[in-house]
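A.B. asks: Next comes run-v5.txt, compact mmCIF, C-alpha atoms:
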```txt
# COMPACT_ATOMS: atom_id res chain seq x y z
CA CYS A 1393 3.09 -8.42 -20.10
CA SER A 1394 3.77 -11.87 -18.67
CA SER A 1395 7.31 -11.06 -17.53
CA ASP A 1396 6.08 -7.96 -15.65
CA LEU A 1397 3.42 -10.09 -13.99
CA ASP A 1398 5.93 -12.74 -12.97
CA GLU A 1399 8.30 -10.08 -11.64
CA GLU A 1400 5.46 -8.52 -9.62
CA LEU A 1401 4.66 -11.94 -8.13
CA ARG A 1402 8.30 -12.51 -7.16
CA VAL A 1403 8.78 -9.05 -5.65
CA ALA A 1404 5.54 -9.30 -3.65
CA ALA A 1405 6.55 -12.73 -2.35
CA PHE A 1406 10.01 -11.45 -1.42
CA LEU A 1407 8.62 -8.42 0.43
CA ASN A 1408 6.07 -10.58 2.26
CA HIS A 1409 8.65 -13.31 3.07
CA GLN A 1410 6.47 -15.93 1.38
CA PRO A 1411 6.89 -18.48 -1.37
CA VAL A 1412 6.03 -17.25 -4.85
CA ALA A 1413 2.41 -18.08 -5.62
CA ARG A 1414 1.60 -18.41 -9.30
CA ASP A 1415 -1.97 -19.67 -9.13
CA ALA A 1416 -4.81 -17.89 -10.93
CA ASN A 1417 -5.82 -15.80 -7.89
CA ALA A 1418 -2.26 -14.61 -7.25
CA ARG A 1419 -1.78 -13.78 -10.92
CA ARG A 1420 -5.06 -11.82 -11.03
CA ALA A 1421 -4.13 -9.88 -7.84
CA ALA A 1422 -0.71 -9.06 -9.32
CA ALA A 1423 -2.33 -7.96 -12.59
CA ASP A 1424 -4.69 -5.72 -10.63
CA ARG A 1425 -1.73 -4.16 -8.78
CA LEU A 1426 0.04 -3.50 -12.08
CA ILE A 1427 -3.09 -1.90 -13.53
CA GLU A 1428 -3.42 0.31 -10.46
CA GLN A 1429 0.23 1.30 -10.79
CA LEU A 1430 -0.32 2.24 -14.44
CA LEU A 1431 -3.40 4.31 -13.60
CA ILE A 1432 -1.52 6.13 -10.86
CA LYS A 1433 1.53 6.59 -13.09
CA ARG A 1434 -0.69 8.11 -15.79
CA ASP A 1435 -2.05 10.62 -13.28
CA LEU A 1436 1.44 11.34 -11.98
CA ASP A 1437 2.72 12.00 -15.50
CA LEU A 1438 -0.19 14.31 -16.30
CA SER A 1439 0.31 16.31 -13.12
CA HIS A 1440 4.13 16.33 -13.36
CA TYR A 1441 4.32 14.97 -9.83
CA PRO A 1442 7.95 14.68 -8.68
CA PRO A 1443 9.31 11.19 -8.02
CA PRO A 1444 10.77 10.38 -4.62
CA SER A 1445 14.37 11.40 -4.08
CA PRO A 1446 17.09 8.78 -4.56
CA ALA A 1447 17.88 9.17 -0.84
CA ALA A 1448 14.27 8.31 0.06
CA VAL A 1449 14.41 5.22 -2.15
CA ASP A 1450 17.75 4.25 -0.55
CA GLU A 1451 16.19 4.59 2.90
CA PHE A 1452 13.21 2.45 1.85
CA MET A 1453 15.59 -0.15 0.39
CA GLU A 1454 17.51 -0.21 3.68
CA GLN A 1455 14.29 -0.76 5.63
CA VAL A 1456 13.50 -3.74 3.40
CA ARG A 1457 17.04 -5.10 3.77
CA ALA A 1458 16.86 -4.77 7.56
CA ALA A 1459 13.57 -6.67 7.62
CA ILE A 1460 15.04 -9.78 6.00
CA PRO A 1461 14.65 -12.60 8.54
CA GLY A 1462 17.79 -14.25 9.81
CA SER A 1463 21.34 -13.17 9.24
CA GLY A 1464 21.53 -14.28 5.62
CA ASP A 1465 23.02 -12.25 2.83
CA PHE A 1466 20.64 -9.76 1.21
CA ASP A 1467 21.74 -10.61 -2.33
CA GLU A 1468 21.35 -14.31 -1.56
CA ALA A 1469 17.80 -13.68 -0.32
CA LEU A 1470 17.05 -11.73 -3.50
CA GLY A 1471 18.52 -14.55 -5.59
CA LYS A 1472 16.08 -17.05 -4.08
CA TYR A 1473 13.32 -15.03 -5.76
CA ASP A 1474 15.29 -14.51 -8.98
CA LEU A 1475 15.62 -10.80 -8.18
CA ASP A 1476 18.49 -8.36 -7.93
CA ARG A 1477 18.92 -4.99 -6.23
CA THR A 1478 18.07 -3.04 -9.39
CA ILE A 1479 14.72 -4.78 -9.88
CA LEU A 1480 13.84 -4.44 -6.21
CA ARG A 1481 14.88 -0.78 -6.19
CA GLU A 1482 12.61 -0.06 -9.19
CA HIS A 1483 9.66 -1.68 -7.43
CA LEU A 1484 10.38 0.11 -4.16
CA ALA A 1485 10.68 3.43 -5.98
CA MET A 1486 7.25 2.80 -7.51
CA GLN A 1487 5.79 1.84 -4.13
CA LEU A 1488 7.21 4.95 -2.53
CA THR A 1489 5.91 7.06 -5.40
CA ILE A 1490 2.45 5.57 -4.92
CA LEU A 1491 2.53 6.16 -1.16
CA GLN A 1492 3.55 9.78 -1.68
CA PHE A 1493 0.90 10.17 -4.39
CA ILE A 1494 -1.79 8.87 -2.05
CA GLU A 1495 -0.62 11.18 0.72
CA PHE A 1496 -0.57 14.16 -1.64
CA ARG A 1497 -3.71 13.41 -3.64
CA PHE A 1498 -6.15 12.12 -1.02
CA ARG A 1499 -5.17 13.11 2.52
CA PRO A 1500 -5.43 16.90 2.33
CA ASP A 1501 -9.18 16.68 1.69
CA LEU A 1502 -9.87 14.40 4.64
CA GLY A 1503 -11.10 15.92 7.84
CA VAL A 1504 -11.93 14.02 11.00
CA SER A 1505 -14.30 15.89 13.26
CA PRO A 1506 -14.63 15.49 17.04
CA THR A 1507 -18.05 13.93 16.38
CA ASP A 1508 -16.47 11.36 14.04
CA ILE A 1509 -13.95 10.47 16.74
CA GLU A 1510 -16.65 10.21 19.41
CA ASN A 1511 -18.85 7.98 17.23
CA TYR A 1512 -15.93 5.71 16.38
CA TYR A 1513 -14.95 5.53 20.04
CA GLN A 1514 -18.46 4.59 21.12
CA GLY A 1515 -18.59 1.81 18.51
CA GLU A 1516 -15.21 0.47 19.53
CA LEU A 1517 -16.06 0.81 23.22
CA ALA A 1518 -19.11 -1.41 22.78
CA ARG A 1519 -16.98 -4.06 21.03
CA TRP A 1520 -14.25 -3.71 23.66
CA LYS A 1521 -16.72 -4.23 26.53
CA ALA A 1522 -18.17 -7.28 24.79
CA GLU A 1523 -14.69 -8.81 24.54
CA HIS A 1524 -13.22 -7.70 27.89
CA GLY A 1525 -16.22 -7.56 30.19
CA SER A 1526 -15.81 -5.33 33.21
CA ALA A 1527 -12.10 -4.53 32.68
CA LYS A 1528 -11.34 -0.82 32.51
CA ALA A 1529 -11.65 0.45 28.93
CA PRO A 1530 -9.25 2.93 27.32
CA THR A 1531 -10.50 6.49 27.67
CA LEU A 1532 -11.54 8.68 24.78
CA ALA A 1533 -8.78 11.13 25.67
CA ASN A 1534 -6.14 8.38 25.48
CA SER A 1535 -7.63 6.99 22.27
CA ARG A 1536 -8.28 10.23 20.39
CA GLU A 1537 -5.04 10.32 18.34
CA SER A 1538 -5.13 6.63 17.38
CA ILE A 1539 -8.79 6.98 16.38
CA ARG A 1540 -8.00 10.06 14.28
CA LYS A 1541 -5.24 8.11 12.51
CA ALA A 1542 -7.49 5.07 11.98
CA LEU A 1543 -10.29 7.20 10.53
CA THR A 1544 -7.85 9.10 8.31
CA GLU A 1545 -6.42 5.81 6.99
CA GLN A 1546 -9.91 4.41 6.43
CA ARG A 1547 -11.05 7.50 4.54
CA THR A 1548 -7.84 7.62 2.53
CA ASP A 1549 -8.37 4.00 1.47
CA GLU A 1550 -11.98 4.73 0.55
CA ALA A 1551 -11.02 7.81 -1.48
CA LEU A 1552 -8.26 5.89 -3.28
CA ASP A 1553 -10.58 2.95 -4.01
CA ALA A 1554 -13.22 5.32 -5.42
CA TRP A 1555 -10.63 7.11 -7.57
CA LEU A 1556 -9.24 3.80 -8.87
CA ALA A 1557 -12.75 2.53 -9.66
CA GLU A 1558 -13.51 5.71 -11.59
CA SER A 1559 -10.14 5.58 -13.37
CA ARG A 1560 -10.73 1.95 -14.37
CA LYS A 1561 -14.03 2.98 -15.99
CA GLN A 1562 -12.14 5.43 -18.21
CA VAL A 1563 -9.89 2.79 -19.79
CA ALA A 1564 -10.55 -0.53 -21.45
CA ILE A 1565 -8.98 -3.29 -19.38
CA VAL A 1566 -8.88 -6.79 -20.80
CA TYR A 1567 -7.38 -9.74 -18.94
CA LEU A 1568 -5.88 -12.41 -21.16
CA ASP A 1569 -5.02 -15.75 -19.59
CA LYS A 1570 -2.19 -17.82 -20.98
```
Represent the structure of the file as structure tokens.
C.D. replies:
Amino acid sequence: CSSDLDEELRVAAFLNHQPVARDANARRAAADRLIEQLLIKRDLDLSHYPPPSPAAVDEFMEQVRAAIPGSGDFDEALGKYDLDRTILREHLAMQLTILQFIEFRFRPDLGVSPTDIENYYQGELARWKAEHGSAKAPTLANSRESIRKALTEQRTDEALDAWLAESRKQVAIVYLDK
């Protein structure tokens, strides 16, 4: 629906501290986000996945409020994007739900082996040496945890993208321009 799309554009702009973009590319990206949300929501409903607690949403809302640049009033900042706390809270609750869904649905299956970490380190080490020359490179031991996190994030993103692509194939999606 057009009003949902416009609201998504305004919320995304607010959260990114940017002007609201309403060009064709921005509208298509917002439509894609809404479709992904619907696909995830469908899976959540089928699996009876619990929504985040109101306290978790409050904490997320507070993080967003604290990130507002300058010392301006939060409601005034929302008003510049034609938003209010209720609309923002609904969007943040959905974002938090999606983040928890991703964590629950895709991370447990991901394993990062010592060989994966070593291979990643060697690839990054080659790039690091090319950029920094003879300066002392970070050691594998000091990099192990950050590499594990990076590989886990990468694999989570890949698993989510594959799931979304498969889910999109199962429904008929038609984009209608104004």
A.B. asks: With a distance cut-off of 8 Å and all atoms listed in the file, select the neighbouring residues of region 1416-1429 of chain A, excluding the residue or stretch itself and same-chain residues fewer than 5 positions from it, and output the selection as a short mmCIF file (atom, residue, chain, number, x, y, z; two decimals) with C-alpha atoms, keeping the file's coordinate frame.
C.D. replies:
```cif
data_model
loop_
_atom_site.label_atom_id
_atom_site.label_comp_id
_atom_site.auth_asym_id
_atom_site.auth_seq_id
_atom_site.Cartn_x
_atom_site.Cartn_y
_atom_site.Cartn_z
CA LEU A 1397 3.42 -10.09 -13.99
CA GLU A 1400 5.46 -8.52 -9.62
CA LEU A 1401 4.66 -11.94 -8.13
CA MET A 1486 7.25 2.80 -7.51
CA ILE A 1490 2.45 5.57 -4.92
CA LEU A 1556 -9.24 3.80 -8.87
#
```
A.B. asks: Calculated over only C-alpha atoms, which of the candidates A:Val1504, A:Thr1489, A:Arg1536, A:Val1449 has the smallest distance to Leu1430 (chain A)?
C.D. replies: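 Result for the nearest residue to Leu1430 (chain A): A:Thr1489.
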A.B. asks: Within 12 Å of region 1468-1484 of chain A, counting all atoms listed in the file, which residues qualify if same-chain residues fewer than 5 places away don't, as a VMD selection string?
C.D. replies: chain A and resid 1396 1398 to 1413 1425 to 1426 1429 1443 to 1463 1489 to 1491
A.B. asks: What is the distance, in Å and to one decimal place, between CA of Arg1540 (chain A) and CA of Leu1436 (chain A)?
C.D. replies: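 It comes out at 27.9 Å.
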A.B. asks: To one decimal place in Å, what is the distance between CA of Ser1395 (chain A) and CA of Gln1487 (chain A)?
C.D. replies: 18.7 Å
A.B. asks: So how far away is CA of Leu1532 (chain A) from CA of Tyr1512 (chain A), in Å?
C.D. replies: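 Taking CA of Tyr1512 (chain A) as the start and CA of Leu1532 (chain A) as the end point, the length is 9.9 Å.
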A.B. asks: Write out as a PyMOL selection string each polymer residue whose atoms come within 12 Å of region 1525-1529 of chain A, counting all atoms listed in the file; drop sequence neighbours fewer than 6 positions from it.
C.D. replies: chain A and resi 1513-1514+1516-1519+1535
A.B. asks: Out of A:Phe1498, A:Ala1485, A:Asp1465, A:Asp1437, which residue has the shortest atom-to-atom distance to Ala1554 (chain A) when counting all atoms listed in the file?
C.D. replies: A:Phe1498
A.B. asks: In terms of the shortest atom-to-atom distance over only C-alpha atoms, which of A:Asp1508, A:Asp1415, A:Asp1467, A:Asp1435 is closest to Ala1542 (chain A)?
C.D. replies: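 Closest candidate: A:Asp1508.
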